[in-house]
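Pasted below: model.cif, mmCIF, C-alpha atoms.
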data_protein
loop_
_atom_site.label_atom_id
_atom_site.label_comp_id
_atom_site.auth_asym_id
_atom_site.auth_seq_id
_atom_site.Cartn_x
_atom_site.Cartn_y
_atom_site.Cartn_z
CA MET J 1 -28.42 -28.16 31.32
CA ARG J 2 -24.70 -27.40 31.58
CA ILE J 3 -23.73 -25.98 34.98
CA ILE J 4 -21.05 -23.29 34.93
CA LEU J 5 -19.05 -22.45 38.05
CA PHE J 6 -17.50 -19.01 38.39
CA ILE J 7 -14.52 -18.68 40.73
CA MET J 8 -13.70 -15.16 41.80
CA SER J 9 -10.24 -13.96 42.70
CA ILE J 10 -8.86 -10.50 43.25
CA HIS J 11 -5.61 -9.13 41.87
CA VAL J 12 -4.14 -5.69 41.81
CA SER J 13 -4.94 -4.26 38.41
CA THR J 14 -4.31 -1.00 36.63
CA LEU J 15 -7.22 0.74 34.93
CA ILE J 16 -6.43 3.21 32.16
CA PHE J 17 -9.13 5.41 30.67
CA GLY J 18 -8.60 6.99 27.29
CA GLN J 19 -11.10 9.05 25.38
CA ASP J 20 -11.37 6.31 22.76
CA TYR J 21 -10.55 3.16 24.73
CA THR J 22 -10.28 1.65 28.21
CA ALA J 23 -7.38 -0.61 29.25
CA TYR J 24 -7.34 -3.05 32.16
CA LEU J 25 -3.92 -4.40 33.15
CA THR J 26 -3.38 -7.36 35.51
CA GLY J 27 0.17 -8.43 36.37
CA GLN J 28 3.44 -6.70 35.60
CA SER J 29 3.48 -3.31 33.89
CA SER J 30 6.99 -3.90 32.51
CA ASP J 31 7.35 -5.88 29.30
CA THR J 32 9.01 -9.28 29.25
CA ILE J 33 10.39 -10.76 26.05
CA THR J 34 9.88 -14.47 25.44
CA GLN J 35 9.79 -16.70 22.39
CA ALA J 36 6.13 -17.32 21.61
CA GLY J 37 5.08 -20.72 20.29
CA GLY J 38 2.66 -19.56 17.60
CA GLY J 39 -0.59 -21.28 16.77
CA ILE J 40 -4.29 -20.44 16.54
CA CYS J 41 -7.19 -21.10 18.91
CA LEU J 42 -10.74 -20.93 17.53
CA MET J 43 -13.52 -20.93 20.11
CA GLY J 44 -17.17 -21.47 19.20
CA GLY J 45 -18.73 -19.10 21.74
CA ALA J 46 -20.33 -19.42 25.17
CA THR J 47 -17.98 -20.33 28.05
CA GLU J 48 -14.40 -21.11 27.06
CA SER J 49 -12.86 -24.57 27.23
CA ASP J 50 -10.32 -24.37 30.05
CA GLU J 51 -8.05 -26.92 28.39
CA ALA J 52 -8.05 -25.06 25.08
CA MET J 53 -7.30 -21.82 26.90
CA GLN J 54 -4.38 -23.50 28.69
CA TRP J 55 -3.09 -24.66 25.29
CA PHE J 56 -3.36 -21.07 24.05
CA LEU J 57 -1.72 -19.46 27.09
CA ASN J 58 1.12 -21.98 27.26
CA ARG J 59 2.15 -20.80 23.81
CA ALA J 60 2.69 -17.30 25.19
CA ASN J 61 5.62 -18.89 27.05
CA GLY J 62 5.31 -16.76 30.18
CA GLY J 63 4.92 -13.55 28.21
CA ASP J 64 2.27 -10.89 27.85
CA VAL J 65 -1.31 -11.60 26.75
CA LEU J 66 -3.43 -8.92 25.11
CA ILE J 67 -7.23 -9.11 24.79
CA LEU J 68 -8.81 -6.84 22.18
CA ARG J 69 -12.54 -6.16 22.19
CA ALA J 70 -15.14 -3.50 21.37
CA SER J 71 -17.54 -4.12 24.26
CA GLY J 72 -17.47 -5.51 27.80
CA SER J 73 -14.62 -5.05 30.25
CA ASP J 74 -11.93 -7.11 31.99
CA GLY J 75 -13.67 -10.48 32.33
CA TYR J 76 -10.68 -12.37 30.93
CA ASN J 77 -7.97 -10.84 33.09
CA ASP J 78 -8.14 -12.95 36.25
CA TYR J 79 -9.28 -16.02 34.30
CA PHE J 80 -6.15 -15.93 32.13
CA TYR J 81 -3.72 -14.58 34.73
CA SER J 82 -4.43 -16.76 37.75
CA GLU J 83 -7.32 -19.21 37.39
CA LEU J 84 -5.87 -21.55 34.75
CA GLY J 85 -2.50 -22.17 36.41
CA ILE J 86 -0.37 -20.80 33.57
CA ASN J 87 2.52 -18.49 34.44
CA LEU J 88 2.20 -15.16 32.60
CA ASN J 89 3.89 -11.79 32.90
CA SER J 90 0.69 -9.84 32.31
CA VAL J 91 -2.82 -9.91 30.91
CA GLU J 92 -4.25 -6.69 29.51
CA THR J 93 -7.68 -6.02 28.04
CA ILE J 94 -8.19 -3.04 25.75
CA VAL J 95 -11.79 -2.10 24.95
CA PHE J 96 -12.13 0.03 21.80
CA GLU J 97 -14.85 2.66 21.89
CA ASN J 98 -14.43 3.69 18.25
CA ALA J 99 -12.12 3.52 15.23
CA ILE J 100 -10.06 6.51 16.42
CA ALA J 101 -8.43 4.29 19.06
CA SER J 102 -6.75 2.34 16.27
CA SER J 103 -4.30 5.22 15.90
CA ASP J 104 -3.34 5.33 19.58
CA SER J 105 0.38 4.78 20.27
CA TYR J 106 -0.26 3.08 23.63
CA ILE J 107 -2.27 0.33 21.93
CA HIS J 108 0.37 0.02 19.21
CA GLN J 109 3.04 -0.51 21.85
CA LYS J 110 0.99 -3.20 23.59
CA ILE J 111 0.57 -5.13 20.34
CA THR J 112 4.31 -5.02 19.67
CA GLN J 113 4.97 -6.37 23.18
CA ALA J 114 2.37 -9.15 23.20
CA GLU J 115 3.21 -12.84 22.86
CA ALA J 116 -0.49 -13.72 22.55
CA ILE J 117 -3.55 -11.83 21.28
CA TRP J 118 -7.11 -12.91 22.01
CA PHE J 119 -10.18 -11.45 20.30
CA ALA J 120 -13.24 -11.50 22.54
CA GLY J 121 -16.79 -12.09 21.39
CA GLY J 122 -19.06 -9.25 20.45
CA ASP J 123 -19.78 -7.73 17.05
CA GLN J 124 -17.31 -8.58 14.28
CA SER J 125 -18.53 -5.65 12.18
CA LYS J 126 -16.98 -3.34 14.78
CA TYR J 127 -13.69 -5.23 14.72
CA ILE J 128 -13.55 -4.99 10.95
CA SER J 129 -14.63 -1.34 10.74
CA PHE J 130 -12.35 -0.33 13.65
CA TRP J 131 -9.20 -2.24 12.63
CA LYS J 132 -9.13 -3.13 8.93
CA GLY J 133 -6.75 -0.93 6.99
CA THR J 134 -5.32 0.63 10.18
CA PRO J 135 -2.04 0.26 12.10
CA ILE J 136 -3.82 -2.32 14.29
CA GLN J 137 -4.14 -4.69 11.33
CA THR J 138 -0.56 -4.03 10.22
CA LEU J 139 0.97 -4.52 13.67
CA ILE J 140 -0.96 -7.74 14.37
CA ASN J 141 0.07 -9.23 11.03
CA GLU J 142 3.69 -8.23 11.63
CA ALA J 143 3.55 -9.87 15.07
CA ILE J 144 2.20 -13.10 13.54
CA LYS J 145 4.84 -13.15 10.81
CA ASN J 146 7.90 -11.84 12.63
CA ARG J 147 7.38 -12.87 16.27
CA ASN J 148 5.25 -15.99 15.87
CA ILE J 149 2.67 -14.84 18.42
CA VAL J 150 -0.29 -17.09 19.21
CA ILE J 151 -3.68 -15.80 18.04
CA GLY J 152 -7.17 -16.76 19.13
CA GLY J 153 -10.74 -15.66 19.37
CA THR J 154 -14.24 -16.68 20.39
CA SER J 155 -17.55 -16.07 18.63
CA ALA J 156 -17.07 -12.77 16.74
CA GLY J 157 -13.36 -13.07 17.52
CA MET J 158 -13.27 -16.42 15.71
CA ALA J 159 -15.35 -15.09 12.82
CA ILE J 160 -12.64 -12.62 11.73
CA LEU J 161 -9.74 -15.08 11.60
CA GLY J 162 -10.24 -16.75 8.21
CA GLU J 163 -9.04 -15.45 4.85
CA TYR J 164 -12.73 -15.00 3.99
CA TYR J 165 -15.10 -13.76 6.67
CA PHE J 166 -18.71 -12.92 7.34
CA SER J 167 -18.44 -9.24 8.19
CA ALA J 168 -21.98 -8.79 9.61
CA ALA J 169 -21.84 -5.30 8.12
CA ASN J 170 -25.62 -5.34 7.72
CA GLY J 171 -26.33 -7.38 10.84
CA THR J 172 -26.44 -11.11 11.47
CA ILE J 173 -28.46 -13.60 9.43
CA SER J 174 -30.13 -16.92 10.16
CA SER J 175 -29.67 -20.10 8.15
CA ASP J 176 -33.26 -20.00 6.90
CA GLU J 177 -32.85 -16.45 5.59
CA ALA J 178 -29.53 -17.19 3.91
CA LEU J 179 -30.68 -20.45 2.30
CA ALA J 180 -33.82 -18.78 0.93
CA ASN J 181 -31.75 -16.05 -0.75
CA PRO J 182 -27.94 -16.42 -0.82
CA TYR J 183 -27.73 -12.79 -1.94
CA ASN J 184 -29.77 -11.43 0.95
CA GLU J 185 -28.29 -8.04 1.83
CA LYS J 186 -27.24 -9.46 5.20
CA VAL J 187 -24.99 -12.12 3.62
CA THR J 188 -21.90 -9.89 3.61
CA ILE J 189 -18.85 -11.99 2.71
CA ASP J 190 -15.57 -10.11 2.57
CA SER J 191 -12.27 -11.13 1.02
CA THR J 192 -10.36 -7.90 1.57
CA ALA J 193 -7.04 -8.70 3.24
CA PHE J 194 -7.39 -8.48 7.02
CA LEU J 195 -5.70 -10.88 9.45
CA ASP J 196 -3.13 -13.06 7.68
CA LEU J 197 -2.93 -16.50 9.28
CA PRO J 198 -1.29 -18.92 6.79
CA ALA J 199 -3.03 -21.97 8.28
CA LEU J 200 -6.44 -20.34 7.67
CA ARG J 201 -5.96 -19.22 4.09
CA SER J 202 -8.99 -20.21 1.99
CA VAL J 203 -10.96 -20.72 5.24
CA ILE J 204 -14.23 -19.11 6.29
CA THR J 205 -15.34 -19.84 9.86
CA ASP J 206 -18.64 -19.92 11.71
CA THR J 207 -19.56 -20.30 15.38
CA HIS J 208 -22.37 -21.21 17.80
CA TYR J 209 -23.15 -24.17 15.52
CA ASP J 210 -25.29 -26.15 17.93
CA ASP J 211 -27.14 -23.31 19.66
CA ARG J 212 -27.98 -21.11 16.67
CA GLN J 213 -28.31 -23.68 13.85
CA ARG J 214 -25.58 -22.13 11.72
CA LYS J 215 -24.95 -25.05 9.31
CA GLY J 216 -27.18 -23.73 6.51
CA ARG J 217 -25.80 -20.23 6.46
CA HIS J 218 -22.23 -21.54 6.57
CA ILE J 219 -22.92 -23.52 3.39
CA VAL J 220 -24.24 -20.30 1.87
CA PHE J 221 -21.03 -18.52 2.89
CA LEU J 222 -18.98 -21.20 1.11
CA SER J 223 -21.23 -20.98 -1.95
CA ARG J 224 -20.79 -17.22 -2.13
CA VAL J 225 -17.01 -17.48 -1.88
CA ILE J 226 -17.02 -19.92 -4.80
CA LYS J 227 -19.43 -17.81 -6.86
CA ASP J 228 -18.09 -14.34 -6.09
CA PHE J 229 -14.35 -14.94 -5.74
CA ASN J 230 -13.79 -17.99 -7.96
CA ALA J 231 -12.04 -19.64 -5.02
CA SER J 232 -11.96 -23.08 -3.41
CA PRO J 233 -12.88 -22.34 0.21
CA MET J 234 -12.85 -24.53 3.29
CA GLY J 235 -15.08 -24.13 6.32
CA ILE J 236 -14.17 -24.54 9.98
CA ALA J 237 -16.97 -24.36 12.55
CA CYS J 238 -17.37 -24.97 16.27
CA ASP J 239 -20.25 -25.77 18.55
CA GLU J 240 -20.51 -23.65 21.66
CA TYR J 241 -18.09 -24.77 24.41
CA THR J 242 -15.88 -26.28 21.66
CA ALA J 243 -12.47 -25.13 20.44
CA VAL J 244 -10.09 -25.91 17.56
CA CYS J 245 -6.40 -25.35 18.34
CA VAL J 246 -4.00 -25.33 15.38
CA ASP J 247 -0.32 -25.98 16.02
CA GLU J 248 2.79 -25.18 13.95
CA ASN J 249 2.36 -28.41 11.95
CA ASN J 250 -1.20 -27.48 10.91
CA HIS J 251 -2.72 -30.13 13.17
CA ALA J 252 -6.12 -28.87 14.32
CA TYR J 253 -6.97 -30.41 17.72
CA VAL J 254 -10.54 -30.27 19.01
CA PHE J 255 -11.28 -29.53 22.69
CA GLY J 256 -14.64 -29.92 24.44
CA ASP J 257 -16.46 -31.99 27.04
CA TYR J 258 -17.43 -35.06 25.01
CA PRO J 259 -18.77 -37.59 25.99
CA THR J 260 -20.39 -35.67 28.85
CA TYR J 261 -21.66 -33.15 26.28
CA ASP J 262 -22.01 -33.44 22.52
CA ASP J 263 -19.31 -30.90 21.57
CA ASN J 264 -18.23 -30.89 17.90
CA ALA J 265 -16.06 -29.11 15.39
CA TYR J 266 -16.68 -29.30 11.64
CA PHE J 267 -14.24 -29.17 8.73
CA ILE J 268 -16.04 -28.58 5.45
CA THR J 269 -14.97 -28.63 1.80
CA ALA J 270 -16.48 -29.15 -1.63
CA ASN J 271 -16.43 -32.86 -2.50
CA CYS J 272 -13.12 -33.18 -4.32
CA ASN J 273 -14.23 -36.30 -6.19
CA LEU J 274 -16.76 -34.36 -8.26
CA SER J 275 -15.68 -32.40 -11.32
CA GLY J 276 -17.13 -28.92 -11.71
CA ASN J 277 -18.39 -28.99 -8.14
CA THR J 278 -20.03 -25.60 -7.75
CA PRO J 279 -23.57 -24.79 -6.60
CA GLU J 280 -26.26 -25.53 -9.18
CA ILE J 281 -28.29 -22.49 -8.12
CA CYS J 282 -26.71 -19.60 -6.19
CA GLU J 283 -28.56 -16.52 -7.38
CA PRO J 284 -30.41 -13.55 -5.90
CA GLU J 285 -33.96 -14.22 -4.71
CA LYS J 286 -33.68 -17.98 -5.35
CA PRO J 287 -33.20 -20.72 -2.74
CA LEU J 288 -29.75 -22.26 -2.76
CA THR J 289 -29.26 -25.61 -4.46
CA TRP J 290 -25.90 -27.33 -4.11
CA ASN J 291 -26.81 -30.98 -4.30
CA LYS J 292 -24.62 -33.06 -6.67
CA ASN J 293 -26.57 -36.24 -5.95
CA ALA J 294 -26.65 -35.44 -2.22
CA SER J 295 -22.83 -35.38 -1.97
CA ALA J 296 -21.84 -31.77 -2.73
CA LEU J 297 -19.76 -31.23 0.40
CA MET J 298 -17.45 -33.46 2.41
CA VAL J 299 -17.49 -32.77 6.14
CA TYR J 300 -15.26 -34.20 8.85
CA ARG J 301 -16.97 -33.90 12.23
CA ILE J 302 -14.76 -34.28 15.30
CA LYS J 303 -15.90 -34.68 18.89
CA GLY J 304 -14.14 -32.27 21.21
CA THR J 305 -12.62 -33.90 24.28
CA ILE J 306 -10.96 -32.56 27.41
CA GLN J 307 -7.55 -33.83 26.27
CA GLY J 308 -8.03 -32.58 22.71
CA GLU J 309 -6.58 -35.75 21.18
CA ASN J 310 -8.85 -35.83 18.09
CA PHE J 311 -7.56 -33.84 15.14
CA ILE J 312 -7.33 -33.20 11.42
CA LYS J 313 -4.33 -31.86 9.48
CA LEU J 314 -5.42 -28.73 7.69
CA ASP J 315 -3.03 -29.16 4.75
CA ASP J 316 -3.85 -32.86 4.32
CA TRP J 317 -7.32 -33.80 5.50
CA ASN J 318 -6.56 -37.49 5.09
CA VAL J 319 -4.33 -37.22 8.18
CA ASN J 320 -6.91 -37.28 10.97
CA ALA J 321 -8.11 -39.14 14.04
CA GLY J 322 -11.30 -39.48 16.03
CA GLY J 323 -13.79 -38.03 13.57
CA GLU J 324 -16.47 -39.15 11.13
CA TRP J 325 -17.09 -38.18 7.49
CA PHE J 326 -20.42 -36.88 6.21
CA TYR J 327 -21.94 -35.65 2.95
CA TRP J 328 -23.82 -32.37 3.15
CA SER J 329 -26.01 -31.01 0.37
CA VAL J 330 -28.72 -28.42 -0.23
CA GLU J 331 -31.79 -28.81 -2.44
CA ASN J 332 -34.07 -25.80 -2.88
CA GLY J 333 -32.90 -24.30 0.41
CA SER J 334 -33.19 -27.53 2.43
CA VAL J 335 -30.04 -29.06 3.97
CA SER J 336 -29.43 -32.83 4.04
CA GLU J 337 -26.72 -34.87 5.78
CA TYR J 338 -25.57 -38.46 5.24
CA ILE J 339 -22.76 -40.57 6.61
CA ALA J 340 -20.01 -40.78 3.97
CA ASP J 341 -17.16 -43.05 3.07
CA ASP J 342 -13.71 -41.99 4.20
CA HIS J 343 -12.32 -38.92 2.51
CA ASN J 344 -10.03 -39.98 -0.31
CA CYS J 345 -8.46 -36.89 -1.82
CA SER J 346 -4.94 -37.23 -0.43
CA THR J 347 -3.39 -37.39 -3.89
CA SER J 348 -5.98 -35.09 -5.50
CA THR J 349 -5.73 -37.32 -8.58
CA SER J 350 -8.32 -35.58 -10.71
CA VAL J 351 -6.86 -32.16 -9.93
CA LEU J 352 -3.33 -33.30 -10.67
CA GLU J 353 -4.46 -34.74 -13.99
CA ASP J 354 -6.09 -31.44 -14.90
CA LEU J 355 -2.94 -29.57 -13.91
CA GLN J 356 -0.70 -31.89 -15.90
CA TRP J 357 -2.94 -31.45 -18.93
CA SER J 358 -2.91 -27.71 -18.59
CA GLN J 359 0.89 -27.44 -18.29
CA ASN J 360 1.09 -27.59 -22.08
CA LYS J 361 -1.27 -24.70 -22.63
CA PRO J 362 0.59 -21.82 -24.35
CA THR J 363 -1.59 -19.03 -22.95
CA VAL J 364 0.27 -18.65 -19.63
CA GLN J 365 3.96 -17.83 -19.20
CA LEU J 366 6.19 -17.65 -16.12
CA PHE J 367 9.56 -15.87 -16.21
CA PRO J 368 12.42 -15.66 -15.37
CA ASN J 369 13.09 -19.31 -14.55
CA PRO J 370 15.22 -19.94 -12.53
CA THR J 371 14.74 -16.83 -10.41
CA PHE J 372 15.93 -15.51 -7.07
CA ASP J 373 13.54 -12.78 -5.92
CA SER J 374 10.39 -12.56 -8.06
CA ILE J 375 8.47 -14.14 -10.90
CA GLU J 376 6.25 -12.60 -13.54
CA ILE J 377 3.19 -14.45 -14.79
CA LYS J 378 1.56 -13.45 -18.06
CA SER J 379 -1.74 -14.68 -19.47
CA GLU J 380 -2.49 -13.75 -23.06
CA GLU J 381 -6.00 -15.18 -23.28
CA PHE J 382 -7.63 -15.49 -19.84
CA PRO J 383 -7.31 -13.16 -16.82
CA ILE J 384 -5.59 -14.52 -13.71
CA ASN J 385 -7.58 -14.69 -10.46
CA ARG J 386 -5.19 -16.46 -8.10
CA VAL J 387 -1.67 -17.90 -7.92
CA ASP J 388 -0.63 -20.51 -5.35
CA ILE J 389 3.03 -21.44 -4.97
CA VAL J 390 3.38 -25.04 -3.74
CA ASP J 391 6.46 -27.01 -2.73
CA SER J 392 7.34 -30.61 -3.65
CA THR J 393 4.76 -31.93 -1.15
CA TRP J 394 2.04 -29.70 -2.65
CA LYS J 395 1.92 -27.56 0.46
CA VAL J 396 1.00 -23.95 -0.32
CA VAL J 397 3.88 -21.69 0.72
CA LEU J 398 2.61 -18.47 -0.88
CA SER J 399 -0.80 -17.45 -2.19
CA LYS J 400 -1.86 -14.32 -4.06
CA ARG J 401 -5.29 -13.28 -5.35
CA PHE J 402 -5.91 -10.81 -8.18
CA LYS J 403 -8.86 -9.21 -9.87
CA ASN J 404 -8.70 -10.25 -13.51
CA ALA J 405 -4.98 -9.59 -14.03
CA THR J 406 -3.17 -10.44 -17.28
CA LEU J 407 0.36 -9.70 -16.05
CA LYS J 408 1.51 -9.92 -12.46
CA LYS J 409 4.86 -9.74 -10.68
CA ILE J 410 5.03 -11.80 -7.49
CA ASN J 411 7.72 -11.32 -4.85
CA ILE J 412 9.02 -14.75 -3.75
CA SER J 413 12.00 -13.58 -1.71
CA SER J 414 10.38 -14.91 1.48
CA ILE J 415 10.46 -18.58 0.42
CA PRO J 416 13.61 -20.76 0.59
CA SER J 417 15.49 -21.81 -2.51
CA GLY J 418 14.27 -25.00 -4.18
CA LYS J 419 11.86 -26.41 -6.74
CA TYR J 420 8.28 -25.12 -6.77
CA THR J 421 5.12 -25.21 -8.83
CA ALA J 422 2.99 -22.17 -9.57
CA LEU J 423 -0.71 -23.04 -9.72
CA ILE J 424 -2.31 -20.31 -11.81
CA TYR J 425 -6.09 -20.08 -11.69
CA ASN J 426 -8.77 -18.40 -13.76
CA LYS J 427 -12.48 -19.03 -14.18
CA HIS J 428 -11.92 -21.96 -16.54
CA PHE J 429 -9.18 -24.19 -15.13
CA PRO J 430 -5.72 -24.00 -13.52
CA TRP J 431 -2.29 -24.15 -15.09
CA ALA J 432 0.74 -25.64 -13.34
CA ILE J 433 4.19 -24.30 -14.17
CA ASP J 434 7.32 -25.60 -12.45
CA PHE J 435 10.11 -23.20 -11.56
CA VAL J 436 13.28 -23.02 -9.48
CA LYS J 437 14.04 -20.47 -6.75
CA ILE J 438 17.76 -19.83 -6.30
CA GLU J 439 19.72 -17.79 -3.76
CA GLY J 440 19.99 -14.11 -4.65
CA GLU J 441 23.25 -12.26 -4.95
#
Mind converting the file's structure to structure tokens?
Amino acid sequence: MRIILFIMSIHVSTLIFGQDYTAYLTGQSSDTITQAGGGICLMGGATESDEAMQWFLNRANGGDVLILRASGSDGYNDYFYSELGINLNSVETIVFENAIASSDSYIHQKITQAEAIWFAGGDQSKYISFWKGTPIQTLINEAIKNRNIVIGGTSAGMAILGEYYFSAANGTISSDEALANPYNEKVTIDSTAFLDLPALRSVITDTHYDDRQRKGRHIVFLSRVIKDFNASPMGIACDEYTAVCVDENNHAYVFGDYPTYDDNAYFITANCNLSGNTPEICEPEKPLTWNKNASALMVYRIKGTIQGENFIKLDDWNVNAGGEWFYWSVENGSVSEYIADDHNCSTSTSVLEDLQWSQNKPTVQLFPNPTFDSIEIKSEEFPINRVDIVDSTWKVVLSKRFKNATLKKINISSIPSGKYTALIYNKHFPWAIDFVKIEGE
């Protein structure tokens, strides 16, 4: 049994009651402006990893830390402000009582002043219903994009951070329930734009992996994203007491207490060496089968250590250290796992060959080329589902999803001038069209 020590300290704090929220402030009431270091911290639930939390708080650079939650109180305030040895101007917790609080100007101001935002555990359905489509969502995304704030969350707070997310709108679900029927009403997978973290695009997360046996349902989540959204998702998951911290270079470092405890993080993707790798059976009222000769998914499992030295690079999974590769598969609702050879998709040879072949297809057009502010993509024959703009290293610099579009204008003014490739996807195969972005007048 893991023993947890709680150290109590007392600081002068300000308590603010609003009709729709409660705020707990520890530290300075005046704002300080610092240059945040960016990054993402994903925590698997249970007690936080002190070292991961220090990583997170250091990236606030002495600024103001804001905790957002929909239950509980000020349990993070002293822990962040004084117990971890990181200098901060303030730590403030705001507990939302309902969705009306999302329109409150005091909360808006606190988001615009924060160098770090942490989402506590709880019920992610409340976070989504309270914040999605509100000024809270807008202001957080602006802070990520324009001020490079560091973002993190644990349990439900981690669950909302991927591009795709399990909303828990109809309650939680166990692996056995999800595997038996991937379209169980509780398997609520959402792709509606919410929190925009570039490093977590195409990602769906899950938490409490060791304590609540979440592996099976996470595979179902990935299957549903493929089936419902015609996408190529990736999974990131954490055991309890384990954290994944992603820096500005997309290196995902894993913190935990291994070897004292068996703390792991998991990075999951469809096996890229298999053509047409989608689930064989992913239908209502039928057990999931995604087998592909017991090698449907490639998984890199990393032990979390106190120093957090083991890692994987999220935009090139062949850059990694300290982990082990596995095959995962599902046959008639039963999950299997085998040790795998090293991952070998660094050049994505089969994908590149498909893209090269499809460049000559006449059904998709991109214009104007060269361009300085936008491109238009037209598909005469097949509707467009997604467009990824990649640079010369095949790093995605811009991604857009559509619902069966035949003509779309995409604003590219945010990317630097240079040579790019537009990867244009539909339900059949992708096209690759090269273009040049030039400086506007």
If I take atom CA of J:Ala143 and atom CA of J:Thr192, how far is one from the other in Å, to one decimal? 19.5 Å
Computed interatomic separation between atom CA of J:Asn230 and atom CA of J:Asn170 (Å):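 Straight-line distance from atom CA of J:Asn230 to atom CA of J:Asn170 works out to 23.4 Å.
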Which of J:Ser379, J:Asn404, J:Thr134, J:Ser82 sits closest to J:Val364 [using all atoms listed in the file]: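 Closest to J:Val364, using all atoms listed in the file: J:Ser379.
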Which residue of J:Gln124, J:Ser90, J:Gln137, J:Asn148 approaches J:His108 most closely, using all atoms listed in the file: J:Gln137
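Across the structure, atom CA of J:Leu179 and atom CA of J:Gly304 are spaced 27.8 Å apart.
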Give me, as an mmCIF file with C-alpha atoms, in the coordinates of the input, all polymer residues having an atom no more than 12 Å from J:Cys245, counting only C-alpha atoms and skipping those fewer than 3 positions away in the same chain.
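Output (selection-v7.cif):
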data_model
loop_
_atom_site.group_PDB
_atom_site.id
_atom_site.type_symbol
_atom_site.label_atom_id
_atom_site.label_comp_id
_atom_site.auth_asym_id
_atom_site.auth_seq_id
_atom_site.Cartn_x
_atom_site.Cartn_y
_atom_site.Cartn_z
ATOM 1 C CA GLY J 38 2.660 -19.560 17.600
ATOM 2 C CA GLY J 39 -0.590 -21.280 16.770
ATOM 3 C CA ILE J 40 -4.290 -20.440 16.540
ATOM 4 C CA CYS J 41 -7.190 -21.100 18.910
ATOM 5 C CA LEU J 42 -10.740 -20.930 17.530
ATOM 6 C CA MET J 43 -13.520 -20.930 20.110
ATOM 7 C CA GLY J 44 -17.170 -21.470 19.200
ATOM 8 C CA SER J 49 -12.860 -24.570 27.230
ATOM 9 C CA GLU J 51 -8.050 -26.920 28.390
ATOM 10 C CA ALA J 52 -8.050 -25.060 25.080
ATOM 11 C CA MET J 53 -7.300 -21.820 26.900
ATOM 12 C CA GLN J 54 -4.380 -23.500 28.690
ATOM 13 C CA TRP J 55 -3.090 -24.660 25.290
ATOM 14 C CA PHE J 56 -3.360 -21.070 24.050
ATOM 15 C CA LEU J 57 -1.720 -19.460 27.090
ATOM 16 C CA ARG J 59 2.150 -20.800 23.810
ATOM 17 C CA VAL J 150 -0.290 -17.090 19.210
ATOM 18 C CA ILE J 151 -3.680 -15.800 18.040
ATOM 19 C CA GLY J 152 -7.170 -16.760 19.130
ATOM 20 C CA GLY J 153 -10.740 -15.660 19.370
ATOM 21 C CA THR J 154 -14.240 -16.680 20.390
ATOM 22 C CA MET J 158 -13.270 -16.420 15.710
ATOM 23 C CA ALA J 199 -3.030 -21.970 8.280
ATOM 24 C CA LEU J 200 -6.440 -20.340 7.670
ATOM 25 C CA ILE J 236 -14.170 -24.540 9.980
ATOM 26 C CA CYS J 238 -17.370 -24.970 16.270
ATOM 27 C CA THR J 242 -15.880 -26.280 21.660
ATOM 28 C CA GLU J 248 2.790 -25.180 13.950
ATOM 29 C CA ASN J 249 2.360 -28.410 11.950
ATOM 30 C CA ASN J 250 -1.200 -27.480 10.910
ATOM 31 C CA HIS J 251 -2.720 -30.130 13.170
ATOM 32 C CA ALA J 252 -6.120 -28.870 14.320
ATOM 33 C CA TYR J 253 -6.970 -30.410 17.720
ATOM 34 C CA VAL J 254 -10.540 -30.270 19.010
ATOM 35 C CA PHE J 255 -11.280 -29.530 22.690
ATOM 36 C CA GLY J 256 -14.640 -29.920 24.440
ATOM 37 C CA ALA J 265 -16.060 -29.110 15.390
ATOM 38 C CA GLY J 304 -14.140 -32.270 21.210
ATOM 39 C CA GLN J 307 -7.550 -33.830 26.270
ATOM 40 C CA GLY J 308 -8.030 -32.580 22.710
ATOM 41 C CA GLU J 309 -6.580 -35.750 21.180
ATOM 42 C CA ASN J 310 -8.850 -35.830 18.090
ATOM 43 C CA PHE J 311 -7.560 -33.840 15.140
ATOM 44 C CA ILE J 312 -7.330 -33.200 11.420
ATOM 45 C CA LYS J 313 -4.330 -31.860 9.480
ATOM 46 C CA LEU J 314 -5.420 -28.730 7.690
#
Residue members of the PyMOL selection byres ((chain J and resi 181) around 7) in the file shown, as JSON, numbers by chain: {"J": [177, 178, 179, 180, 182, 183, 184, 284, 285, 286, 287, 288]}
Distance query stretch 267-279 of chain J at most 6 Å, all atoms listed in the file, self and fewer than 5 positions along chain excluded, as an mmCIF file with C-alpha atoms, in the coordinates of the input:
data_model
loop_
_atom_site.group_PDB
_atom_site.id
_atom_site.type_symbol
_atom_site.label_atom_id
_atom_site.label_comp_id
_atom_site.auth_asym_id
_atom_site.auth_seq_id
_atom_site.Cartn_x
_atom_site.Cartn_y
_atom_site.Cartn_z
ATOM 1 C CA MET J 234 -12.850 -24.530 3.290
ATOM 2 C CA GLY J 235 -15.080 -24.130 6.320
ATOM 3 C CA ILE J 236 -14.170 -24.540 9.980
ATOM 4 C CA TRP J 290 -25.900 -27.330 -4.110
ATOM 5 C CA ALA J 296 -21.840 -31.770 -2.730
ATOM 6 C CA LEU J 297 -19.760 -31.230 0.400
ATOM 7 C CA MET J 298 -17.450 -33.460 2.410
ATOM 8 C CA VAL J 299 -17.490 -32.770 6.140
ATOM 9 C CA TYR J 300 -15.260 -34.200 8.850
#
